[in-house]
Amino acid sequence: MRVVNIPVNFEQRQLVVPGTLLAEGRYQPGFNVYQDADKYFASIVGLADLRNDLISVIPLRGCYLPQPGDIVIGKVIECIPTAWMLDIRSPYQGILFASEYLSKPLNPMREDARKYLDVGEMVIASVIAFDRTRNPSLSCRDHNLGKIQKGTVIDVEATRVPRIIGKKGSMISMLKKETNAQIMVGQNGRVWISGKSRDDEAYVAAAIKKIADEAHTSGLTDRIREYLVSNRR
Amino acid sequence: MATEKLISDDGIRNDGRKIDELREIKFDIGVLKNTDGSAYVEWGRTKILVGVMGPRESHPKHLALADKARIDAFYRMASFSVEEWKSPAPSRRETELSKVIREALSPAVFTEYFPRTSIDIFIEVLQADGSTRCAAISAASLALVDAGIPMRDLVASIAVGKVDGQLVLDVQDKEDKEGESDMPMAYMPSKNAVTLLQMDGQITQEEFARSIDMLKKGCLEVYRLQRDAIEAHFKVSESSNEEA
Amino acid sequence: MSARIIPVVKRKQIIELSDSGKRTDGRSLTDYRNIEIIIGDIDKAEGSATVILGGTRVTAGVKFEIGDPFPDTPNEGVMQVSAEFVPFASPEFEPGKPDETAVELARVVDRGLRESKMLDTSKLCIEPGKRVWICHVDLYILDHCGNLIDTAALAGLCALLSAKMPEAKVKGDTVELTGKKLPMPFSGIVPINVTLAKIGDKLFADPSFEEEEVLDCRLSVAFMQKGDDEKSLMLCAMQKGEAGYMTIEEVTRAVELAKLKSQELRSLVSSKVNING
């Protein structure tokens, strides 16, 4: 049987709100779209997007939900004998087992986990597993991951992270090139910046906040480059 | 008891409105800095701030639900919101309203997306001038949208009252106190779902049917204002269509 | 829960940046954030004001109630300041009774207003020994981005200055409200509270939320002045808060700085509301 699709109800990148009827017929519901019989509705405020027959909504607001493979920046909020609990700006706290942080096993009878990582310290980690029924488990066993020893960390809205990174990493490469700072963007909306001085870091932080504020405006990469050049010290 | 008439002979209410006319309603979104989502509404002289926190870890933990998020609403009135100074301790009325507001909003939210978490809706009535629960529900919907919480639809709400024997839309304080009945409703248009319905006072079945009709029309009007507010807020901050 | 844990990297950043006289939001150490004052936004209250300092937002309302005088001051009305922390103002605020932070805040604001004698409470008496006006100044903390004390003190002050009191007439055993509103019995004195945070070895005026998270301690100083008469400038309340300490030299420096800042804030208030009673 051939199902004829009625054209979708929206223009590409149109602003939609929860309850907006996006289409009727046979489509694939993507992110932030729900189906009721043969109708497709937005479930979140965002920009509607159609790729082939896949309808989704690019969120403008929302919390961070971990996905395996994500790089996140977490703050230690609790030390339990063989693991640390991390605030990762998500409804779910991350858990970092000692075996995923230290290269050797930790014997809680002999050593205090806080010796390695204490409450209030921050780490860059990757998400290994998460399914919403258990807390996301994290790992620091990779290059560039581990405790933050220098620099600073700023918070941005998690929905803005794709713009800070840019298409194929274009924005973040430009930022690094223009400022000579080290930058790591956590998918959870935390950004680590390490520059030559505190002033340098404040300069990079201001640029990143500008990207987050103007995330969905056109010509952003050029505007940020101009901003960096005219504010360079 | 009413000493003066609340509706004039040519059908004008004491605040100048027609029988089926809403007060001026102004929604603002994203007005608070420490919440995940927020909204402010001025509904005639009624002024309400709503802040949403969550989804976040449930406190205390044993209250967490294994299969969905737990929603809580806290409706509170500021001590200076009414004519007489009101003690800041929560009253029985505030407790009941918190419950019905929670139940009016819950059907809209995809709570199953966030098991074991809490979504807290804090409502602060800064000035009360009738229909505060309706204004609170309508504004809370927008605060939930602002928090990026997945929802089936917005929830819009309004009240119909009986005043001088006539049905009037969008009851203000004087009409509520001196009128014969008050009937608030909350409604999710795309699902044709009534999520709150209360009534006090005496009305006939015919008046009930007409009330429902007026309530539905009124809710759709509020719904349109809610959607306009969302578009205005997010269009300003996201002005173009560049590919991300 | 997690918000209360001080991020180690943050404190280091704030201290090191302050060595070159800067702050993370671009201010100098002595700058206040932008201040917006809205007068009379709650028209059901006898007086009201909303103050937005940076992102911190407090709405204050003044309401009158007839009540009993205190036994030791039978001929005086009562001014009572209280604070409500609305849970959406911060993830750390829980619904329920005011906690010690809310109580401290209300009492610090109360002391500043009361000790300045800006309000002549003897004029709030309706019937000596029997009935007086209770003037509630209620502070609603709506958004917390740091320096609640100064924001709440400004809001309470502006709400009070904008207030009108109801007229009451004693008729035999009863009191009758005439429906008329009378000017408040002000003395023309205006107290202004200024809070300084100590972080490392520096003083920060108007601490932001992230600065409060990492501070050692704070000092709030209220300066009062009658009208434009700078000679009448006096201290009228002080409060040190949080667990750290200041040296005597730091306290002296803080008071000096608070005096300068209080002048700035007072002229801002006088541009928004009549301070001469």
# chains A, B, ... in the order shown; residues from 1 in each chain; ligands from 1
$ residues_around --residues "segment 152-157 of chain B" --least-positions-apart "6" --cutoff "8 Å" --atoms "only C-alpha atoms" --output "PyMOL selection string"
(chain A and resi 18-20+34+41-43) or (chain B and resi 104-105+108-110+134-135+137-138+141-142+184-191+218-220+222-223+226)
$ closest_atom_pairs --of "segment 48-143 of chain C" --to "segment 38-45 of chain B" --cutoff "12 Å" --atoms "only C-alpha atoms" --output "tab-separated table"
residue	atom	partner	partner_atom	distance
C:Phe88	CA	B:Ser38	CA	8.7
C:Ala89	CA	B:Ser38	CA	10.6
C:Leu142	CA	B:Ser38	CA	11.4
C:Asp143	CA	B:Ser38	CA	11.0
$ residues_around --residues "Ile44 of chain A" --least-positions-apart "2" --cutoff "7 Å" --atoms "only C-alpha atoms" --output "list in words"
Val17, Pro18, Asn32, Ala42, Gly46 and Pro59 of chain A; Val145, Gly148, Ile149, Pro150 and Met151 of chain B
$ closest_atom_pairs --of "chain C" --to "chain B" --cutoff "7 Å" --atoms "only C-alpha atoms" --output "tab-separated table"
residue	atom	partner	partner_atom	distance
C:Ile42	CA	B:Gln127	CA	6.5
C:Lys44	CA	B:Glu83	CA	6.1
C:Ala45	CA	B:Phe80	CA	5.6
C:Gly55	CA	B:Lys33	CA	6.8
C:Gly61	CA	B:Phe80	CA	5.8
C:Val62	CA	B:Phe80	CA	7.0
C:Lys63	CA	B:Trp85	CA	5.9
C:Glu65	CA	B:Trp85	CA	6.8
C:Pro87	CA	B:Phe122	CA	6.7
C:Phe88	CA	B:Gly51	CA	5.1
C:Ala89	CA	B:Asn34	CA	5.9
C:Ser90	CA	B:Asn34	CA	5.3
C:Pro91	CA	B:Asn34	CA	6.9
C:Asp143	CA	B:Leu32	CA	6.2
C:His144	CA	B:Asn34	CA	6.9
$ closest_atom_pairs --of "chain C" --to "chain A" --cutoff "12 Å" --atoms "only C-alpha atoms" --output "JSON lines"
{"residue": "C:Met1", "atom": "CA", "partner": "A:Ile77", "partner_atom": "CA", "distance": 8.3}
{"residue": "C:Ser2", "atom": "CA", "partner": "A:Ile77", "partner_atom": "CA", "distance": 5.9}
{"residue": "C:Ala3", "atom": "CA", "partner": "A:Asp87", "partner_atom": "CA", "distance": 8.9}
{"residue": "C:Arg4", "atom": "CA", "partner": "A:Ile77", "partner_atom": "CA", "distance": 9.2}
{"residue": "C:Ile5", "atom": "CA", "partner": "A:Gly120", "partner_atom": "CA", "distance": 5.7}
{"residue": "C:Ile6", "atom": "CA", "partner": "A:Gly120", "partner_atom": "CA", "distance": 5.4}
{"residue": "C:Pro7", "atom": "CA", "partner": "A:Gly120", "partner_atom": "CA", "distance": 4.5}
{"residue": "C:Val8", "atom": "CA", "partner": "A:Gly120", "partner_atom": "CA", "distance": 5.5}
{"residue": "C:Val9", "atom": "CA", "partner": "A:Thr152", "partner_atom": "CA", "distance": 5.9}
{"residue": "C:Lys10", "atom": "CA", "partner": "A:Thr152", "partner_atom": "CA", "distance": 6.7}
{"residue": "C:Arg11", "atom": "CA", "partner": "A:Thr152", "partner_atom": "CA", "distance": 9.7}
{"residue": "C:Lys12", "atom": "CA", "partner": "A:Thr152", "partner_atom": "CA", "distance": 8.6}
{"residue": "C:Gln13", "atom": "CA", "partner": "A:Thr152", "partner_atom": "CA", "distance": 6.5}
{"residue": "C:Ile14", "atom": "CA", "partner": "A:Arg198", "partner_atom": "CA", "distance": 9.1}
{"residue": "C:Ile15", "atom": "CA", "partner": "A:Arg198", "partner_atom": "CA", "distance": 10.0}
{"residue": "C:Glu16", "atom": "CA", "partner": "A:Arg198", "partner_atom": "CA", "distance": 7.0}
{"residue": "C:Leu17", "atom": "CA", "partner": "A:Arg198", "partner_atom": "CA", "distance": 5.8}
{"residue": "C:Ser18", "atom": "CA", "partner": "A:Arg198", "partner_atom": "CA", "distance": 9.5}
{"residue": "C:Asp19", "atom": "CA", "partner": "A:Arg198", "partner_atom": "CA", "distance": 9.8}
{"residue": "C:Ser20", "atom": "CA", "partner": "A:Asp199", "partner_atom": "CA", "distance": 8.7}
{"residue": "C:Gly21", "atom": "CA", "partner": "A:Asp199", "partner_atom": "CA", "distance": 10.8}
{"residue": "C:Lys22", "atom": "CA", "partner": "A:Asp199", "partner_atom": "CA", "distance": 8.7}
{"residue": "C:Arg23", "atom": "CA", "partner": "A:Ala202", "partner_atom": "CA", "distance": 9.2}
{"residue": "C:Thr24", "atom": "CA", "partner": "A:Ala202", "partner_atom": "CA", "distance": 6.9}
{"residue": "C:Asp25", "atom": "CA", "partner": "A:Ala202", "partner_atom": "CA", "distance": 8.8}
{"residue": "C:Gly26", "atom": "CA", "partner": "A:Ala202", "partner_atom": "CA", "distance": 8.6}
{"residue": "C:Glu210", "atom": "CA", "partner": "A:Ile154", "partner_atom": "CA", "distance": 11.2}
{"residue": "C:Glu213", "atom": "CA", "partner": "A:Gly120", "partner_atom": "CA", "distance": 11.6}
{"residue": "C:Val214", "atom": "CA", "partner": "A:Gly120", "partner_atom": "CA", "distance": 11.2}
$ write_last_selection --atoms "C-alpha atoms" --output "PDB file, in the first residue's frame"
ATOM      1  CA  MET C   1      23.233  20.257  47.122  1.00  0.00           C
ATOM      2  CA  SER C   2      25.990  20.398  44.537  1.00  0.00           C
ATOM      3  CA  ALA C   3      25.738  24.173  44.239  1.00  0.00           C
ATOM      4  CA  ARG C   4      27.007  24.598  47.800  1.00  0.00           C
ATOM      5  CA  ILE C   5      30.279  22.848  47.081  1.00  0.00           C
ATOM      6  CA  ILE C   6      32.903  25.412  46.235  1.00  0.00           C
ATOM      7  CA  PRO C   7      34.656  24.692  42.999  1.00  0.00           C
ATOM      8  CA  VAL C   8      38.358  24.902  43.808  1.00  0.00           C
ATOM      9  CA  VAL C   9      39.262  26.263  40.367  1.00  0.00           C
ATOM     10  CA  LYS C  10      36.776  29.123  40.804  1.00  0.00           C
ATOM     11  CA  ARG C  11      38.268  30.525  44.020  1.00  0.00           C
ATOM     12  CA  LYS C  12      41.747  30.432  42.506  1.00  0.00           C
ATOM     13  CA  GLN C  13      40.568  32.228  39.392  1.00  0.00           C
ATOM     14  CA  ILE C  14      38.738  34.953  41.343  1.00  0.00           C
ATOM     15  CA  ILE C  15      41.706  35.612  43.656  1.00  0.00           C
ATOM     16  CA  GLU C  16      44.281  35.686  40.874  1.00  0.00           C
ATOM     17  CA  LEU C  17      42.148  37.919  38.666  1.00  0.00           C
ATOM     18  CA  SER C  18      41.671  40.344  41.583  1.00  0.00           C
ATOM     19  CA  ASP C  19      45.446  40.811  41.758  1.00  0.00           C
ATOM     20  CA  SER C  20      45.093  42.953  38.642  1.00  0.00           C
ATOM     21  CA  GLY C  21      42.038  44.688  40.130  1.00  0.00           C
ATOM     22  CA  LYS C  22      39.537  42.745  38.025  1.00  0.00           C
ATOM     23  CA  ARG C  23      36.526  40.517  38.548  1.00  0.00           C
ATOM     24  CA  THR C  24      35.060  37.701  36.478  1.00  0.00           C
ATOM     25  CA  ASP C  25      32.167  39.876  35.334  1.00  0.00           C
ATOM     26  CA  GLY C  26      34.423  42.737  34.237  1.00  0.00           C
ATOM     27  CA  GLU C 210      30.042  33.130  42.556  1.00  0.00           C
ATOM     28  CA  GLU C 213      30.470  31.029  47.103  1.00  0.00           C
ATOM     29  CA  VAL C 214      34.204  31.501  47.622  1.00  0.00           C
TER      30      VAL C 214
END
$ residues_around --residues "segment 163-168 of chain C" --least-positions-apart "5" --cutoff "7 Å" --atoms "only C-alpha atoms" --output "PyMOL selection string"
chain C and resi 46-47+62+126+175-184
$ closest_residue --among "C:Asp41, C:Glu92, C:Leu119, C:Val269" --to "Cys158 of chain C" --atoms "only C-alpha atoms"
C:Val269
